[in-house]
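Single-structure report; data block below.
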Amino acid sequence: MLVRRPTDIRSSEITDEKLYLNRRRFIKAASAGALAFSSLTESGYAGDWKPKTKGPYDTDEELTPYDDITTYNNFVEFGPNKDDPSKNAHTLRVKPWSVKVEGEVKSPATYNLEDLIKPFPLEDRIYRHRCVEGWSIVVPWLGFSLGDLIKRLEPTSKAKYVQFTTLYAPDQMPGQRRDLLPWPYVEGLRLDEAMHPLAILSVGLYGKPLPNQDGAPLRLVVPWKYGFKSIKSIVKIRFQEPQPRNSWAAQVPREYGFYANVNPNVDHPRWSQAKERRLGEFFRRKTLMFNGYADQVGQLYANLDLRKNY
Amino acid sequence: MKRLKVLVFVLCLVPLIWLLFDLFFGRLSANPINDITQRTGIWTLRLLMLTLTVTPMRWLTGWSSLVRFRRMLGLFAFFYATLHFLTYLVIDQFFDWDQIVKDVAKRPFITVGFASFILLIPLAVTSTKKMIRRLGGKRWQRLHRLVYAIGIGGVIHYLWLVKADTSRPLSYGALLALLLGFRLWVSVKQRRRRPTVSTPTTEPLAD
């Protein structure tokens, strides 16, 4: 059962500080390339969490509380309402977990999750996360560079796009028993987008393993795009030449596109994207081009009509 | 009857009290403004449906004094609609007129919702006995049939705003179709039987 409010934590559940510091040190050591992932434990209190170092891509905006990040979710596989995932996602079994790599890649194979992740240092990345519905949060993800993984997987010259697929398991994901979206959920990136250093695969947040409702055990994070691009609970990574058809664009092509870059100048047909509400704040704030990452990713779209390719 | 009316009045306030309770005790989600918007909206629709249930229930049960609750239910629908609108205007947009005008003009679900709210105003204003007398029963009745359009508008507003799960707005749509269909059926039947006599929907308000 997930912790909803800090006051709900029994004192026995709070990690002893020494252990906690040890764990920090351990993860730090692990980030040199060792087994960081398997060392992540569920225990620990997010309230006193601090990132180890400030990376070049980290925002210094105030972090959204752990409780909010883990109780206000869009993860339609567990139901259409914001509180459905935190209520229902406990049925998801994340161990063992394997990821199939297929398509235009040197050696297609199915990997055990631990083996897939092992070579890569885990790092905290504090990113803004903007939902297409007009709300946003600041999340301290724990993850590794997607580009580094792709380099290691060695896609062939034919690979122009990467497609990701979420687990399809109606017995574990009650939302999949209903006709809410075409299942399984599929997302995709252009290869150069996927190789961008901002794009990560995340295995945790607040220094802890990802809660199921946030996309455990492995999810994509592309902070300059609307949240629905950051696909959760990934079981398949496919390299291919044609542009993949992502689920929301397939469901409502007029409203959701392939690119889904955060763009205050291009409205969603049913609502404006000019502003957003940061959870915890009263006034709406202006939405920034590419969610504030224009300097980093702008050049990826220099020759693209963003009004057409929404 | 008086006691029953007080009871209904109090019951109609429960959704608001419940919402305030959740708000002050931190039981809303991480996006409380959105919760307030949704809860006041859904209760507007529920009270509209209840208001529209009064007349068919009278015909079915023969309990004609049910009509005494109709005005109160209708005014509570207007009350929750006003809270819903004010939440959008004050809390959500904080008087960002530029954005609001764009929303009303460009977002079909907001256009429909806004129009339905505006149409409710004349009905609320003319709900007093004095206004019924001034307008005359027949004209008053004709004006108040606007509530059918408002009900349809409310359901469309709900249907067009949801992202993936249309089951709830569609069930409200089905209920509304039933309530309006029943009226149509009765009116056709009555007209066939007594071609010159008015249909039951034109009965003047008893209360």
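Naming scheme: A, B, ... for chains in displayed order of the structure tokens; residues 1 onward per chain; ligands 1 onward as shown.
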Query raised in the report: Near segment 139-150 of chain B, within 9 Å and counting only C-alpha atoms, which residues show up once chain neighbours fewer than 3 positions away are dropped, as a list in words?
Result: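 Counting only C-alpha atoms, the residues come to Leu48, Leu52, Gly113, Ala115, Ser116, Phe117, Leu119, Leu120, Pro122, Leu123, Thr126, Met131, Ile132, Arg133, Arg134, Leu135, Gly136, Gly153, Gly154, Val155, Leu176, Leu180, Thr201, Thr202, Glu203, Pro204 and Leu205 of chain B.
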I need the residues from that last selection saved to file as a PDB file, in the first residue's frame (with N, CA and C atoms), if you can.
```pdb
ATOM      1  N   LEU B  48     -30.506  19.417 -12.171  1.00  0.00           N
ATOM      2  CA  LEU B  48     -31.306  19.633 -13.379  1.00  0.00           C
ATOM      3  C   LEU B  48     -32.132  18.389 -13.699  1.00  0.00           C
ATOM      4  N   LEU B  52     -36.208  17.874 -13.696  1.00  0.00           N
ATOM      5  CA  LEU B  52     -36.940  17.354 -14.860  1.00  0.00           C
ATOM      6  C   LEU B  52     -37.658  16.042 -14.553  1.00  0.00           C
ATOM      7  N   GLY B 113     -21.635  25.177 -22.431  1.00  0.00           N
ATOM      8  CA  GLY B 113     -21.842  25.310 -20.988  1.00  0.00           C
ATOM      9  C   GLY B 113     -22.216  26.725 -20.610  1.00  0.00           C
ATOM     10  N   ALA B 115     -23.561  29.052 -22.575  1.00  0.00           N
ATOM     11  CA  ALA B 115     -24.905  29.360 -23.097  1.00  0.00           C
ATOM     12  C   ALA B 115     -25.978  28.768 -22.192  1.00  0.00           C
ATOM     13  N   SER B 116     -25.761  27.545 -21.723  1.00  0.00           N
ATOM     14  CA  SER B 116     -26.756  26.906 -20.859  1.00  0.00           C
ATOM     15  C   SER B 116     -26.902  27.683 -19.555  1.00  0.00           C
ATOM     16  N   PHE B 117     -25.772  28.147 -19.024  1.00  0.00           N
ATOM     17  CA  PHE B 117     -25.826  28.925 -17.783  1.00  0.00           C
ATOM     18  C   PHE B 117     -26.593  30.233 -17.999  1.00  0.00           C
ATOM     19  N   LEU B 119     -28.863  30.847 -20.165  1.00  0.00           N
ATOM     20  CA  LEU B 119     -30.292  30.549 -20.350  1.00  0.00           C
ATOM     21  C   LEU B 119     -30.985  30.249 -19.024  1.00  0.00           C
ATOM     22  N   LEU B 120     -30.221  29.785 -18.040  1.00  0.00           N
ATOM     23  CA  LEU B 120     -30.821  29.499 -16.731  1.00  0.00           C
ATOM     24  C   LEU B 120     -31.237  30.789 -16.008  1.00  0.00           C
ATOM     25  N   PRO B 122     -32.786  33.744 -16.913  1.00  0.00           N
ATOM     26  CA  PRO B 122     -34.193  34.188 -16.970  1.00  0.00           C
ATOM     27  C   PRO B 122     -35.145  33.245 -16.248  1.00  0.00           C
ATOM     28  N   LEU B 123     -34.837  31.967 -16.224  1.00  0.00           N
ATOM     29  CA  LEU B 123     -35.719  31.020 -15.530  1.00  0.00           C
ATOM     30  C   LEU B 123     -35.682  31.257 -14.019  1.00  0.00           C
ATOM     31  N   THR B 126     -37.551  34.534 -13.199  1.00  0.00           N
ATOM     32  CA  THR B 126     -39.013  34.470 -13.320  1.00  0.00           C
ATOM     33  C   THR B 126     -39.601  33.327 -12.491  1.00  0.00           C
ATOM     34  N   MET B 131     -43.784  36.923 -10.676  1.00  0.00           N
ATOM     35  CA  MET B 131     -43.374  36.893 -12.085  1.00  0.00           C
ATOM     36  C   MET B 131     -44.284  35.975 -12.897  1.00  0.00           C
ATOM     37  N   ILE B 132     -44.724  34.883 -12.269  1.00  0.00           N
ATOM     38  CA  ILE B 132     -45.643  33.988 -12.987  1.00  0.00           C
ATOM     39  C   ILE B 132     -46.925  34.741 -13.317  1.00  0.00           C
ATOM     40  N   ARG B 133     -47.404  35.494 -12.332  1.00  0.00           N
ATOM     41  CA  ARG B 133     -48.635  36.273 -12.544  1.00  0.00           C
ATOM     42  C   ARG B 133     -48.418  37.320 -13.631  1.00  0.00           C
ATOM     43  N   ARG B 134     -47.282  37.983 -13.563  1.00  0.00           N
ATOM     44  CA  ARG B 134     -47.017  39.052 -14.530  1.00  0.00           C
ATOM     45  C   ARG B 134     -46.914  38.519 -15.956  1.00  0.00           C
ATOM     46  N   LEU B 135     -46.271  37.358 -16.078  1.00  0.00           N
ATOM     47  CA  LEU B 135     -46.089  36.781 -17.420  1.00  0.00           C
ATOM     48  C   LEU B 135     -47.347  36.087 -17.911  1.00  0.00           C
ATOM     49  N   GLY B 136     -48.111  35.551 -16.991  1.00  0.00           N
ATOM     50  CA  GLY B 136     -49.269  34.738 -17.368  1.00  0.00           C
ATOM     51  C   GLY B 136     -48.820  33.311 -17.543  1.00  0.00           C
ATOM     52  N   GLY B 153     -27.956  20.970 -23.277  1.00  0.00           N
ATOM     53  CA  GLY B 153     -26.681  21.701 -23.274  1.00  0.00           C
ATOM     54  C   GLY B 153     -25.743  21.211 -22.179  1.00  0.00           C
ATOM     55  N   GLY B 154     -26.295  20.963 -21.014  1.00  0.00           N
ATOM     56  CA  GLY B 154     -25.471  20.498 -19.889  1.00  0.00           C
ATOM     57  C   GLY B 154     -24.821  19.151 -20.176  1.00  0.00           C
ATOM     58  N   VAL B 155     -25.605  18.254 -20.763  1.00  0.00           N
ATOM     59  CA  VAL B 155     -25.066  16.918 -21.070  1.00  0.00           C
ATOM     60  C   VAL B 155     -23.986  17.025 -22.154  1.00  0.00           C
ATOM     61  N   LEU B 176     -31.610  11.788 -19.562  1.00  0.00           N
ATOM     62  CA  LEU B 176     -32.294  12.957 -20.107  1.00  0.00           C
ATOM     63  C   LEU B 176     -33.214  12.560 -21.264  1.00  0.00           C
ATOM     64  N   LEU B 180     -37.164  13.396 -21.310  1.00  0.00           N
ATOM     65  CA  LEU B 180     -37.774  14.213 -22.360  1.00  0.00           C
ATOM     66  C   LEU B 180     -38.661  13.351 -23.258  1.00  0.00           C
ATOM     67  N   THR B 201     -48.018  19.367 -19.952  1.00  0.00           N
ATOM     68  CA  THR B 201     -46.841  20.201 -19.693  1.00  0.00           C
ATOM     69  C   THR B 201     -47.224  21.678 -19.595  1.00  0.00           C
ATOM     70  N   THR B 202     -48.415  22.045 -20.053  1.00  0.00           N
ATOM     71  CA  THR B 202     -48.775  23.453 -20.004  1.00  0.00           C
ATOM     72  C   THR B 202     -49.556  23.808 -18.741  1.00  0.00           C
ATOM     73  N   GLU B 203     -49.654  22.870 -17.831  1.00  0.00           N
ATOM     74  CA  GLU B 203     -50.296  23.188 -16.553  1.00  0.00           C
ATOM     75  C   GLU B 203     -49.573  24.339 -15.873  1.00  0.00           C
ATOM     76  N   PRO B 204     -50.273  25.282 -15.344  1.00  0.00           N
ATOM     77  CA  PRO B 204     -49.570  26.350 -14.632  1.00  0.00           C
ATOM     78  C   PRO B 204     -48.952  25.811 -13.342  1.00  0.00           C
ATOM     79  N   LEU B 205     -47.985  26.524 -12.881  1.00  0.00           N
ATOM     80  CA  LEU B 205     -47.290  26.097 -11.674  1.00  0.00           C
ATOM     81  C   LEU B 205     -48.204  26.235 -10.460  1.00  0.00           C
TER      82      LEU B 205
END
```
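For chain B, the residues close to chain A, meaning within 9 Å and counting only C-alpha atoms, are Ser29, Ala30, Asn31, Pro32, Ile33, Ile91, Asp92, Gln93, Phe94, Gln99, Lys102, Asp103, Lys106, Arg107, Pro108, Phe109, Ile110, Trp160, Leu161, Lys163, Ala164, Asp165 and Thr166 of chain B.
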Requested in this report: Find the distance between atom CA of Thr165 of chain A and atom CA of Trp141 of chain A and write it in Å to one decimal.
Outcome: 20.3 Å
Query raised in the report: Rounded to one decimal in Å, what is the spacing between atom CA of His90 of chain A and atom CA of Pro174 of chain A?
Result: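 For atom CA of His90 of chain A relative to atom CA of Pro174 of chain A, the distance reads 11.0 Å.
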Requested in this report: Can you work out the spacing between atom CA of Gly151 of chain B and atom CA of Ser64 of chain B in Å, to one decimal?
Outcome: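 Interatomic distance, atom CA of Gly151 of chain B to atom CA of Ser64 of chain B: 23.0 Å.
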